[in-house]
>>> print(open('run11.csv').read())   # CSV, C-alpha atoms and all ligand atoms
chain,number,residue,atom,x,y,z
Z,1,MET,CA,152.6,40.0,-55.4
Z,2,SER,CA,149.0,40.2,-56.7
Z,3,PRO,CA,147.5,38.3,-59.6
Z,4,VAL,CA,147.7,41.7,-61.4
Z,5,GLU,CA,151.2,41.7,-62.9
Z,6,GLY,CA,153.6,43.7,-60.8
Z,7,LEU,CA,151.1,45.1,-58.2
Z,8,PRO,CA,151.2,44.2,-54.5
Z,9,GLU,CA,148.2,42.5,-52.9
Z,10,SER,CA,147.4,45.7,-51.1
Z,11,ASN,CA,148.9,49.2,-50.9
Z,12,ALA,CA,150.8,48.2,-47.8
Z,13,GLY,CA,153.0,46.0,-50.0
Z,14,TYR,CA,154.7,49.1,-51.3
Z,15,GLY,CA,156.1,49.6,-47.8
Z,16,THR,CA,157.9,46.3,-47.7
Z,17,ARG,CA,161.3,45.3,-49.0
Z,18,GLN,CA,160.0,41.9,-50.0
Z,19,TYR,CA,157.6,43.5,-52.5
Z,20,TRP,CA,160.4,45.6,-54.2
Z,21,GLU,CA,162.8,42.6,-54.2
Z,22,GLN,CA,160.2,40.5,-56.0
Z,23,ARG,CA,159.2,43.2,-58.4
Z,24,TYR,CA,162.8,43.9,-59.5
Z,25,ALA,CA,163.7,40.2,-59.7
Z,26,SER,CA,160.8,39.6,-62.0
Z,27,GLU,CA,161.6,42.5,-64.3
Z,28,ASP,CA,163.9,42.6,-67.2
Z,29,GLN,CA,167.5,43.7,-66.4
Z,30,ASP,CA,167.0,46.7,-68.6
Z,31,SER,CA,163.6,47.9,-67.5
Z,32,SER,CA,163.1,51.3,-66.1
Z,33,PHE,CA,160.2,53.0,-64.6
Z,34,ASP,CA,159.7,56.5,-63.3
Z,35,TRP,CA,157.2,57.1,-60.6
Z,36,PHE,CA,155.2,60.3,-60.9
Z,37,LEU,CA,157.3,62.6,-62.9
Z,38,GLN,CA,159.6,62.1,-65.8
Z,39,PRO,CA,163.2,63.3,-65.3
Z,40,GLU,CA,163.2,65.7,-68.2
Z,41,TYR,CA,160.3,67.5,-66.6
Z,42,LEU,CA,161.6,67.3,-63.0
Z,43,LEU,CA,165.3,68.1,-63.5
Z,44,PRO,CA,164.8,71.8,-64.5
Z,45,LEU,CA,162.6,72.2,-61.4
Z,46,LEU,CA,165.3,70.6,-59.2
Z,47,GLU,CA,168.2,72.6,-60.6
Z,48,PRO,CA,167.7,75.7,-58.4
Z,49,TYR,CA,168.0,73.5,-55.3
Z,50,LEU,CA,171.0,71.7,-56.8
Z,51,HIS,CA,172.8,74.9,-57.4
Z,52,GLU,CA,172.1,76.5,-54.1
Z,53,CYS,CA,175.3,75.1,-52.5
Z,54,GLY,CA,177.4,77.0,-55.1
Z,55,LYS,CA,179.2,73.9,-56.5
Z,56,GLY,CA,177.5,73.9,-59.8
Z,57,LYS,CA,177.4,70.4,-61.3
Z,58,ASP,CA,179.9,69.1,-58.6
Z,59,VAL,CA,177.0,69.2,-56.1
Z,60,ARG,CA,177.0,66.0,-54.0
Z,61,VAL,CA,173.6,64.3,-54.3
Z,62,LEU,CA,172.1,61.4,-52.4
Z,63,MET,CA,169.1,59.8,-54.1
Z,64,LEU,CA,166.9,58.0,-51.7
Z,65,GLY,CA,165.1,54.9,-53.0
Z,66,CYS,CA,166.4,55.3,-56.5
Z,67,GLY,CA,164.6,52.3,-58.0
Z,68,ASN,CA,165.2,51.9,-61.7
Z,69,SER,CA,164.1,55.5,-62.4
Z,70,LEU,CA,166.0,57.3,-65.1
Z,71,LEU,CA,166.4,60.5,-63.0
Z,72,GLY,CA,170.0,59.6,-61.8
Z,73,GLU,CA,171.0,58.6,-65.3
Z,74,VAL,CA,169.6,61.8,-66.8
Z,75,MET,CA,171.3,63.9,-64.2
Z,76,TYR,CA,174.6,62.1,-64.8
Z,77,ASP,CA,174.4,62.6,-68.5
Z,78,ALA,CA,173.7,66.3,-67.9
Z,79,GLY,CA,177.0,66.5,-66.0
Z,80,TYR,CA,176.0,65.8,-62.4
Z,81,HIS,CA,178.5,63.0,-61.6
Z,82,ASN,CA,178.4,63.1,-57.8
Z,83,VAL,CA,175.2,61.2,-57.4
Z,84,VAL,CA,175.0,58.4,-54.9
Z,85,ASN,CA,171.9,56.2,-55.3
Z,86,ILE,CA,170.6,54.0,-52.5
Z,87,ASP,CA,167.9,51.5,-52.4
Z,88,TYR,CA,167.1,48.6,-50.0
Z,89,SER,CA,166.5,46.1,-52.8
Z,90,ALA,CA,169.8,44.2,-53.3
Z,91,THR,CA,168.5,42.9,-56.6
Z,92,LEU,CA,167.8,46.4,-58.0
Z,93,ILE,CA,171.3,47.6,-56.9
Z,94,GLU,CA,173.0,44.7,-58.6
Z,95,GLN,CA,171.0,45.5,-61.8
Z,96,MET,CA,172.0,49.2,-61.6
Z,97,ILE,CA,175.7,48.5,-61.1
Z,98,ALA,CA,175.7,46.1,-64.1
Z,99,ARG,CA,173.8,48.6,-66.3
Z,100,HIS,CA,175.8,51.7,-65.6
Z,101,ALA,CA,179.3,50.5,-64.8
Z,102,GLU,CA,180.7,51.2,-68.2
Z,103,LYS,CA,178.8,54.3,-69.3
Z,104,ARG,CA,178.6,56.0,-66.0
Z,105,PRO,CA,181.6,54.9,-64.0
Z,106,ASP,CA,181.5,57.6,-61.3
Z,107,MET,CA,177.9,56.9,-60.4
Z,108,GLN,CA,177.5,54.9,-57.1
Z,109,TRP,CA,174.7,52.4,-56.3
Z,110,LEU,CA,174.5,51.2,-52.7
Z,111,GLU,CA,172.2,48.7,-51.0
Z,112,MET,CA,171.1,50.7,-48.0
Z,113,ASP,CA,168.0,51.3,-45.9
Z,114,ILE,CA,166.9,54.9,-45.6
Z,115,ARG,CA,166.1,54.3,-41.9
Z,116,ASP,CA,169.7,53.3,-41.3
Z,117,LEU,CA,171.9,55.5,-43.4
Z,118,LYS,CA,175.7,54.8,-43.3
Z,119,PHE,CA,177.0,58.2,-44.2
Z,120,ASN,CA,178.6,61.0,-42.2
Z,121,GLU,CA,177.0,64.4,-41.6
Z,122,GLY,CA,178.0,66.7,-44.4
Z,123,ASP,CA,178.7,64.0,-47.0
Z,124,PHE,CA,176.0,65.4,-49.3
Z,125,ASP,CA,174.8,68.8,-50.4
Z,126,VAL,CA,171.3,67.8,-51.5
Z,127,VAL,CA,169.2,64.7,-50.7
Z,128,LEU,CA,166.5,63.8,-53.2
Z,129,ASP,CA,163.4,61.7,-52.8
Z,130,LYS,CA,161.0,61.0,-55.7
Z,131,GLY,CA,158.1,58.8,-54.6
Z,132,THR,CA,160.0,57.0,-51.9
Z,133,MET,CA,158.4,58.6,-48.9
Z,134,ASP,CA,155.1,57.8,-50.7
Z,135,ALA,CA,156.1,54.1,-50.7
Z,136,MET,CA,157.1,54.2,-47.1
Z,137,LEU,CA,153.8,55.8,-46.1
Z,138,THR,CA,151.6,53.1,-47.5
Z,139,SER,CA,151.9,50.7,-44.6
Z,140,LYS,CA,148.6,51.1,-42.8
Z,141,GLY,CA,146.2,53.3,-44.7
Z,142,ASP,CA,144.8,56.2,-42.7
Z,143,VAL,CA,146.5,59.3,-44.0
Z,144,TRP,CA,144.6,61.4,-41.4
Z,145,ASN,CA,146.1,59.4,-38.6
Z,146,PRO,CA,149.4,57.7,-39.6
Z,147,PRO,CA,151.0,55.2,-37.2
Z,148,ASP,CA,153.9,56.5,-35.1
Z,149,GLU,CA,156.3,54.1,-36.9
Z,150,ASP,CA,155.5,55.7,-40.3
Z,151,VAL,CA,156.0,59.2,-38.9
Z,152,GLN,CA,159.3,58.2,-37.4
Z,153,ASN,CA,160.5,56.5,-40.5
Z,154,CYS,CA,159.7,59.5,-42.6
Z,155,ARG,CA,161.1,62.0,-40.2
Z,156,THR,CA,164.4,60.1,-40.3
Z,157,GLU,CA,164.3,60.4,-44.0
Z,158,VAL,CA,163.5,64.0,-44.5
Z,159,GLU,CA,166.1,65.6,-42.3
Z,160,GLU,CA,167.7,67.2,-45.3
Z,161,ALA,CA,165.7,66.4,-48.4
Z,162,VAL,CA,164.0,67.8,-51.5
Z,163,SER,CA,161.0,65.5,-52.0
Z,164,ALA,CA,158.9,65.1,-55.1
Z,165,THR,CA,155.6,63.5,-54.1
Z,166,PHE,CA,151.9,63.3,-54.7
Z,167,GLY,CA,151.4,63.9,-51.0
Z,168,GLN,CA,149.4,67.1,-50.5
Z,169,PRO,CA,150.8,69.6,-48.0
Z,170,HIS,CA,148.0,69.0,-45.5
Z,171,PHE,CA,149.1,65.4,-45.1
Z,172,ARG,CA,152.8,65.7,-45.6
Z,173,LYS,CA,153.7,68.6,-43.5
Z,174,ARG,CA,153.3,66.6,-40.3
Z,175,TYR,CA,156.2,64.4,-41.3
Z,176,MET,CA,158.5,67.3,-42.1
Z,177,LEU,CA,157.8,69.9,-39.5
Z,178,GLY,CA,159.4,69.9,-36.0
Z,179,HIS,CA,163.1,69.7,-37.0
Z,180,ASP,CA,165.3,72.2,-35.1
Z,181,HIS,CA,167.1,74.5,-37.5
Z,182,PHE,CA,165.2,73.4,-40.6
Z,183,ASP,CA,162.9,75.5,-42.8
Z,184,LEU,CA,160.2,73.9,-44.8
Z,185,SER,CA,158.8,75.2,-48.0
Z,186,TYR,CA,156.8,73.6,-50.7
Z,187,LYS,CA,155.2,74.3,-54.1
Z,188,ASP,CA,152.8,72.7,-56.6
Z,189,ILE,CA,154.9,71.6,-59.6
Z,190,GLY,CA,152.2,70.5,-61.9
Z,191,PRO,CA,152.3,69.1,-64.6
Z,192,PRO,CA,150.0,71.6,-66.2
Z,193,GLU,CA,147.4,68.9,-67.0
Z,194,GLY,CA,146.3,66.1,-64.8
Z,195,PHE,CA,147.3,65.1,-61.4
Z,196,SER,CA,149.4,67.6,-59.4
Z,197,TYR,CA,152.6,66.8,-57.6
Z,198,PHE,CA,154.4,68.8,-55.0
Z,199,LEU,CA,158.1,69.6,-54.3
Z,200,TYR,CA,159.0,70.0,-50.6
Z,201,ASP,CA,162.3,71.6,-49.6
Z,202,LEU,CA,163.5,71.0,-46.1
Z,203,LYS,CA,166.6,73.2,-45.6
Z,204,TYR,CA,169.1,73.6,-42.9
Z,205,GLN,CA,169.2,77.1,-41.4
Z,206,GLU,CA,171.8,77.6,-38.7
Z,207,ASN,CA,169.9,80.2,-36.8
Z,208,THR,CA,166.2,79.3,-37.0
Z,209,GLU,CA,163.9,77.8,-34.5
Z,210,SER,CA,162.0,74.7,-35.3
Z,211,GLN,CA,158.6,75.3,-37.0
V,301,LIG,C1,157.9,54.2,-55.5
V,301,LIG,S1,159.6,53.6,-55.9
V,301,LIG,C2,160.3,55.2,-56.4
V,301,LIG,C3,161.5,54.9,-57.3
V,301,LIG,C4,162.2,56.1,-57.9
V,301,LIG,N1,162.6,57.0,-56.9
V,301,LIG,C5,161.3,56.8,-58.9
V,301,LIG,O1,161.1,58.0,-58.8
V,301,LIG,O2,160.8,56.1,-59.8
V,301,LIG,C6,160.2,53.5,-54.2
V,301,LIG,C7,161.6,52.9,-54.2
V,301,LIG,O3,162.1,53.1,-52.8
V,301,LIG,C8,162.7,51.9,-52.3
V,301,LIG,N2,162.6,52.0,-50.9
V,301,LIG,C9,161.4,52.0,-50.2
V,301,LIG,N3,161.6,52.0,-48.9
V,301,LIG,C10,163.0,52.1,-48.7
V,301,LIG,C11,163.8,52.1,-47.6
V,301,LIG,N4,163.4,52.2,-46.4
V,301,LIG,N5,165.2,52.2,-47.8
V,301,LIG,C12,165.7,52.2,-49.1
V,301,LIG,N6,164.9,52.1,-50.2
V,301,LIG,C13,163.6,52.0,-50.0
V,301,LIG,C14,162.0,50.8,-53.1
V,301,LIG,O4,162.9,49.6,-53.1
V,301,LIG,C15,161.7,51.4,-54.4
V,301,LIG,O5,162.8,51.2,-55.3
>>> encode(input="run11.csv", output="structure tokens", more="lines below")
Ligand SMILES: C[S@@+](CC[C@H](N)C(=O)[O-])C[C@H]1O[C@@H](n2cnc3c(N)ncnc32)[C@H](O)[C@@H]1O
Amino acid sequence: MSPVEGLPESNAGYGTRQYWEQRYASEDQDSSFDWFLQPEYLLPLLEPYLHECGKGKDVRVLMLGCGNSLLGEVMYDAGYHNVVNIDYSATLIEQMIARHAEKRPDMQWLEMDIRDLKFNEGDFDVVLDKGTMDAMLTSKGDVWNPPDEDVQNCRTEVEEAVSATFGQPHFRKRYMLGHDHFDLSYKDIGPPEGFSYFLYDLKYQENTESQ
């Protein structure tokens, strides 16, 4: 970590497990931090996607790179109990299990790498990513010409995801296009003042060609 408390030496640090392990180990057990957008702002924007499968609040959600964001907790408290949170920091997952076990017993927290998911096809209705692809894309800098490894990592991630990111469409579409039977759409989700964020929706469509 850098001499500036909590920051990596360079942006590439955000793309390493070691950085996140150290960061979470150095934080207070109860700390939380939401990258980009606050859950209260984001959840109403996500709800149309959550409800598309027709299961209401029983929708099965996979949260990629959950960190200690409050999004999962806010969703749970709003009635979404089938949320599985994964992150590759073992320290973070231990903290989350301890923090939520009593109040949110149905919520699951699993140590897992997004590039090596241990689920079966069809286990989830919606996959959410808030800021995680952004962390995975910080490895080598040039957003105009990302290394193949980054493209592959992110393509693995986005096969079925709704992604909230600061990545503008020009830069992000290249990671999300090219999946057979998936349709990509995106929109600017504000907030009304300041920096704009985007919501990408990559959706499975039985009968469409790849874009
Ligand atoms: C920028 S933070 C976003 C955290 C949270 N989603 C939020 O909105 O505040 C990125 C998180 O993704 C996790 N992460 C990064 N790459 C990962 C990977 N390949 N597999 C699993 N987790 C990963 C990090 O440990 C970190 O907790």
>>> atom_distance(input="run11.csv", atom1="CA of Gly13 (chain Z)", atom2="atom C9 of ligand LIG 301 (chain V)")
10.3 Å
>>> residues_around(input="run11.csv", residues="Ser69 (chain Z)", least_positions_apart="4", cutoff="12 Å", atoms="only C-alpha atoms", output="number ranges by chain")
Z: 30-40, 63-65, 73-75, 85-87, 92, 96, 129-132
>>> axis_aligned_box(input="run11.csv", around="ligand LIG 301 (chain V)", padding_each_side="4 Å", output="AutoDock Vina command-line options")
--center_x 161.8 --center_y 53.8 --center_z -53.1 --size_x 15.8 --size_y 16.4 --size_z 21.4
>>> atom_distance(input="run11.csv", atom1="CA of Lys118 (chain Z)", atom2="CA of His81 (chain Z)")
20.2 Å
>>> atom_distance(input="run11.csv", atom1="CA of Thr165 (chain Z)", atom2="CA of Thr16 (chain Z)")
18.5 Å
>>> closest_residue(input="run11.csv", among="Z:Gln168, Z:Ser26, Z:Asn120, Z:Thr138", to="ligand LIG 301 (chain V)", atoms="all atoms listed in the file")
Z:Thr138
>>> closest_residue(input="run11.csv", among="Z:Pro44, Z:Ser163, Z:Ala90, Z:Arg60", to="Arg23 (chain Z)", atoms="all atoms listed in the file")
Z:Ala90
>>> closest_residue(input="run11.csv", among="Z:Tyr175, Z:Tyr41, Z:Tyr88, Z:Phe119", to="Glu149 (chain Z)", atoms="all atoms listed in the file")
Z:Tyr175
>>> closest_residue(input="run11.csv", among="Z:Gly54, Z:Gly67, Z:Gly194, Z:Pro105", to="ligand LIG 301 (chain V)", atoms="all atoms listed in the file")
Z:Gly67
>>> closest_residue(input="run11.csv", among="Z:Gln108, Z:Ser89, Z:Ser185, Z:Gln22", to="ligand LIG 301 (chain V)", atoms="only C-alpha atoms and all ligand atoms")
Z:Ser89
>>> decode(input="run11.csv", residues="region 7-48 of chain Z", atoms="N, CA and C atoms", output="mmCIF file, in the first residue's frame")
data_model
loop_
_atom_site.group_PDB
_atom_site.id
_atom_site.type_symbol
_atom_site.label_atom_id
_atom_site.label_comp_id
_atom_site.auth_asym_id
_atom_site.auth_seq_id
_atom_site.Cartn_x
_atom_site.Cartn_y
_atom_site.Cartn_z
ATOM 1 N N LEU Z 7 -4.544 3.794 -0.030
ATOM 2 C CA LEU Z 7 -4.446 3.801 -1.496
ATOM 3 C C LEU Z 7 -3.312 2.886 -1.948
ATOM 4 N N PRO Z 8 -3.471 2.254 -3.132
ATOM 5 C CA PRO Z 8 -2.360 1.452 -3.638
ATOM 6 C C PRO Z 8 -1.244 2.350 -4.171
ATOM 7 N N GLU Z 9 -0.049 1.783 -4.358
ATOM 8 C CA GLU Z 9 1.093 2.541 -4.892
ATOM 9 C C GLU Z 9 0.755 3.141 -6.251
ATOM 10 N N SER Z 10 0.042 2.359 -7.066
ATOM 11 C CA SER Z 10 -0.389 2.858 -8.370
ATOM 12 C C SER Z 10 -1.763 2.263 -8.629
ATOM 13 N N ASN Z 11 -2.427 2.746 -9.695
ATOM 14 C CA ASN Z 11 -3.762 2.244 -10.004
ATOM 15 C C ASN Z 11 -3.796 0.743 -10.218
ATOM 16 N N ALA Z 12 -2.682 0.193 -10.718
ATOM 17 C CA ALA Z 12 -2.627 -1.247 -10.993
ATOM 18 C C ALA Z 12 -2.894 -2.062 -9.727
ATOM 19 N N GLY Z 13 -2.615 -1.463 -8.568
ATOM 20 C CA GLY Z 13 -2.841 -2.162 -7.295
ATOM 21 C C GLY Z 13 -4.290 -2.593 -7.128
ATOM 22 N N TYR Z 14 -5.206 -1.825 -7.663
ATOM 23 C CA TYR Z 14 -6.622 -2.165 -7.520
ATOM 24 C C TYR Z 14 -6.962 -3.478 -8.220
ATOM 25 N N GLY Z 15 -6.086 -3.916 -9.101
ATOM 26 C CA GLY Z 15 -6.324 -5.161 -9.824
ATOM 27 C C GLY Z 15 -5.658 -6.362 -9.178
ATOM 28 N N THR Z 16 -5.181 -6.221 -7.941
ATOM 29 C CA THR Z 16 -4.502 -7.351 -7.286
ATOM 30 C C THR Z 16 -5.229 -7.760 -6.007
ATOM 31 N N ARG Z 17 -5.252 -9.057 -5.774
ATOM 32 C CA ARG Z 17 -5.873 -9.574 -4.554
ATOM 33 C C ARG Z 17 -5.111 -9.081 -3.313
ATOM 34 N N GLN Z 18 -3.785 -9.002 -3.463
ATOM 35 C CA GLN Z 18 -2.959 -8.593 -2.329
ATOM 36 C C GLN Z 18 -3.374 -7.215 -1.801
ATOM 37 N N TYR Z 19 -3.643 -6.284 -2.719
ATOM 38 C CA TYR Z 19 -4.056 -4.948 -2.292
ATOM 39 C C TYR Z 19 -5.335 -5.012 -1.466
ATOM 40 N N TRP Z 20 -6.322 -5.760 -1.965
ATOM 41 C CA TRP Z 20 -7.622 -5.794 -1.287
ATOM 42 C C TRP Z 20 -7.496 -6.504 0.050
ATOM 43 N N GLU Z 21 -6.690 -7.569 0.088
ATOM 44 C CA GLU Z 21 -6.473 -8.272 1.363
ATOM 45 C C GLU Z 21 -5.918 -7.301 2.404
ATOM 46 N N GLN Z 22 -4.879 -6.575 2.016
ATOM 47 C CA GLN Z 22 -4.246 -5.652 2.971
ATOM 48 C C GLN Z 22 -5.201 -4.556 3.379
ATOM 49 N N ARG Z 23 -5.933 -4.073 2.414
ATOM 50 C CA ARG Z 23 -6.867 -2.970 2.705
ATOM 51 C C ARG Z 23 -7.910 -3.415 3.725
ATOM 52 N N TYR Z 24 -8.528 -4.573 3.494
ATOM 53 C CA TYR Z 24 -9.587 -5.014 4.403
ATOM 54 C C TYR Z 24 -9.005 -5.402 5.760
ATOM 55 N N ALA Z 25 -7.798 -5.982 5.756
ATOM 56 C CA ALA Z 25 -7.178 -6.382 7.032
ATOM 57 C C ALA Z 25 -6.848 -5.154 7.880
ATOM 58 N N SER Z 26 -6.594 -4.020 7.211
ATOM 59 C CA SER Z 26 -6.199 -2.833 7.973
ATOM 60 C C SER Z 26 -7.417 -2.010 8.414
ATOM 61 N N GLU Z 27 -8.587 -2.382 7.918
ATOM 62 C CA GLU Z 27 -9.785 -1.605 8.265
ATOM 63 C C GLU Z 27 -10.467 -2.166 9.506
ATOM 64 N N ASP Z 28 -11.233 -1.320 10.106
ATOM 65 C CA ASP Z 28 -12.043 -1.738 11.230
ATOM 66 C C ASP Z 28 -13.069 -2.784 10.759
ATOM 67 N N GLN Z 29 -13.318 -3.785 11.598
ATOM 68 C CA GLN Z 29 -14.282 -4.863 11.262
ATOM 69 C C GLN Z 29 -15.620 -4.324 10.757
ATOM 70 N N ASP Z 30 -16.010 -3.167 11.299
ATOM 71 C CA ASP Z 30 -17.348 -2.653 10.972
ATOM 72 C C ASP Z 30 -17.351 -1.637 9.845
ATOM 73 N N SER Z 31 -16.185 -1.396 9.231
ATOM 74 C CA SER Z 31 -16.223 -0.339 8.208
ATOM 75 C C SER Z 31 -16.967 -0.781 6.964
ATOM 76 N N SER Z 32 -17.505 0.198 6.291
ATOM 77 C CA SER Z 32 -18.121 -0.081 5.005
ATOM 78 C C SER Z 32 -17.784 1.078 4.075
ATOM 79 N N PHE Z 33 -17.747 0.751 2.810
ATOM 80 C CA PHE Z 33 -17.436 1.778 1.820
ATOM 81 C C PHE Z 33 -18.134 1.411 0.527
ATOM 82 N N ASP Z 34 -18.839 2.354 -0.052
ATOM 83 C CA ASP Z 34 -19.502 2.107 -1.325
ATOM 84 C C ASP Z 34 -18.816 2.845 -2.443
ATOM 85 N N TRP Z 35 -18.309 2.079 -3.389
ATOM 86 C CA TRP Z 35 -17.684 2.674 -4.557
ATOM 87 C C TRP Z 35 -18.777 3.246 -5.457
ATOM 88 N N PHE Z 36 -18.543 4.435 -5.916
ATOM 89 C CA PHE Z 36 -19.369 5.107 -6.935
ATOM 90 C C PHE Z 36 -20.738 5.575 -6.458
ATOM 91 N N LEU Z 37 -21.651 4.635 -6.263
ATOM 92 C CA LEU Z 37 -23.035 5.048 -6.048
ATOM 93 C C LEU Z 37 -23.556 4.454 -4.751
ATOM 94 N N GLN Z 38 -24.334 5.236 -4.053
ATOM 95 C CA GLN Z 38 -24.897 4.754 -2.790
ATOM 96 C C GLN Z 38 -26.077 3.817 -3.069
ATOM 97 N N PRO Z 39 -26.227 2.765 -2.251
ATOM 98 C CA PRO Z 39 -27.283 1.784 -2.478
ATOM 99 C C PRO Z 39 -28.675 2.388 -2.574
ATOM 100 N N GLU Z 40 -28.949 3.408 -1.794
ATOM 101 C CA GLU Z 40 -30.296 3.999 -1.809
ATOM 102 C C GLU Z 40 -30.591 4.633 -3.165
ATOM 103 N N TYR Z 41 -29.552 5.140 -3.809
ATOM 104 C CA TYR Z 41 -29.726 5.726 -5.142
ATOM 105 C C TYR Z 41 -29.808 4.625 -6.193
ATOM 106 N N LEU Z 42 -28.978 3.603 -6.029
ATOM 107 C CA LEU Z 42 -28.853 2.590 -7.076
ATOM 108 C C LEU Z 42 -29.981 1.563 -7.076
ATOM 109 N N LEU Z 43 -30.440 1.159 -5.902
ATOM 110 C CA LEU Z 43 -31.414 0.055 -5.856
ATOM 111 C C LEU Z 43 -32.669 0.315 -6.701
ATOM 112 N N PRO Z 44 -33.276 1.497 -6.616
ATOM 113 C CA PRO Z 44 -34.451 1.730 -7.478
ATOM 114 C C PRO Z 44 -34.118 1.620 -8.968
ATOM 115 N N LEU Z 45 -32.880 1.940 -9.331
ATOM 116 C CA LEU Z 45 -32.486 1.825 -10.742
ATOM 117 C C LEU Z 45 -32.270 0.365 -11.136
ATOM 118 N N LEU Z 46 -31.901 -0.455 -10.143
ATOM 119 C CA LEU Z 46 -31.662 -1.873 -10.430
ATOM 120 C C LEU Z 46 -32.955 -2.685 -10.426
ATOM 121 N N GLU Z 47 -33.953 -2.184 -9.730
ATOM 122 C CA GLU Z 47 -35.150 -3.015 -9.520
ATOM 123 C C GLU Z 47 -35.824 -3.482 -10.812
ATOM 124 N N PRO Z 48 -35.907 -2.656 -11.850
ATOM 125 C CA PRO Z 48 -36.505 -3.183 -13.088
ATOM 126 C C PRO Z 48 -35.777 -4.435 -13.582
#
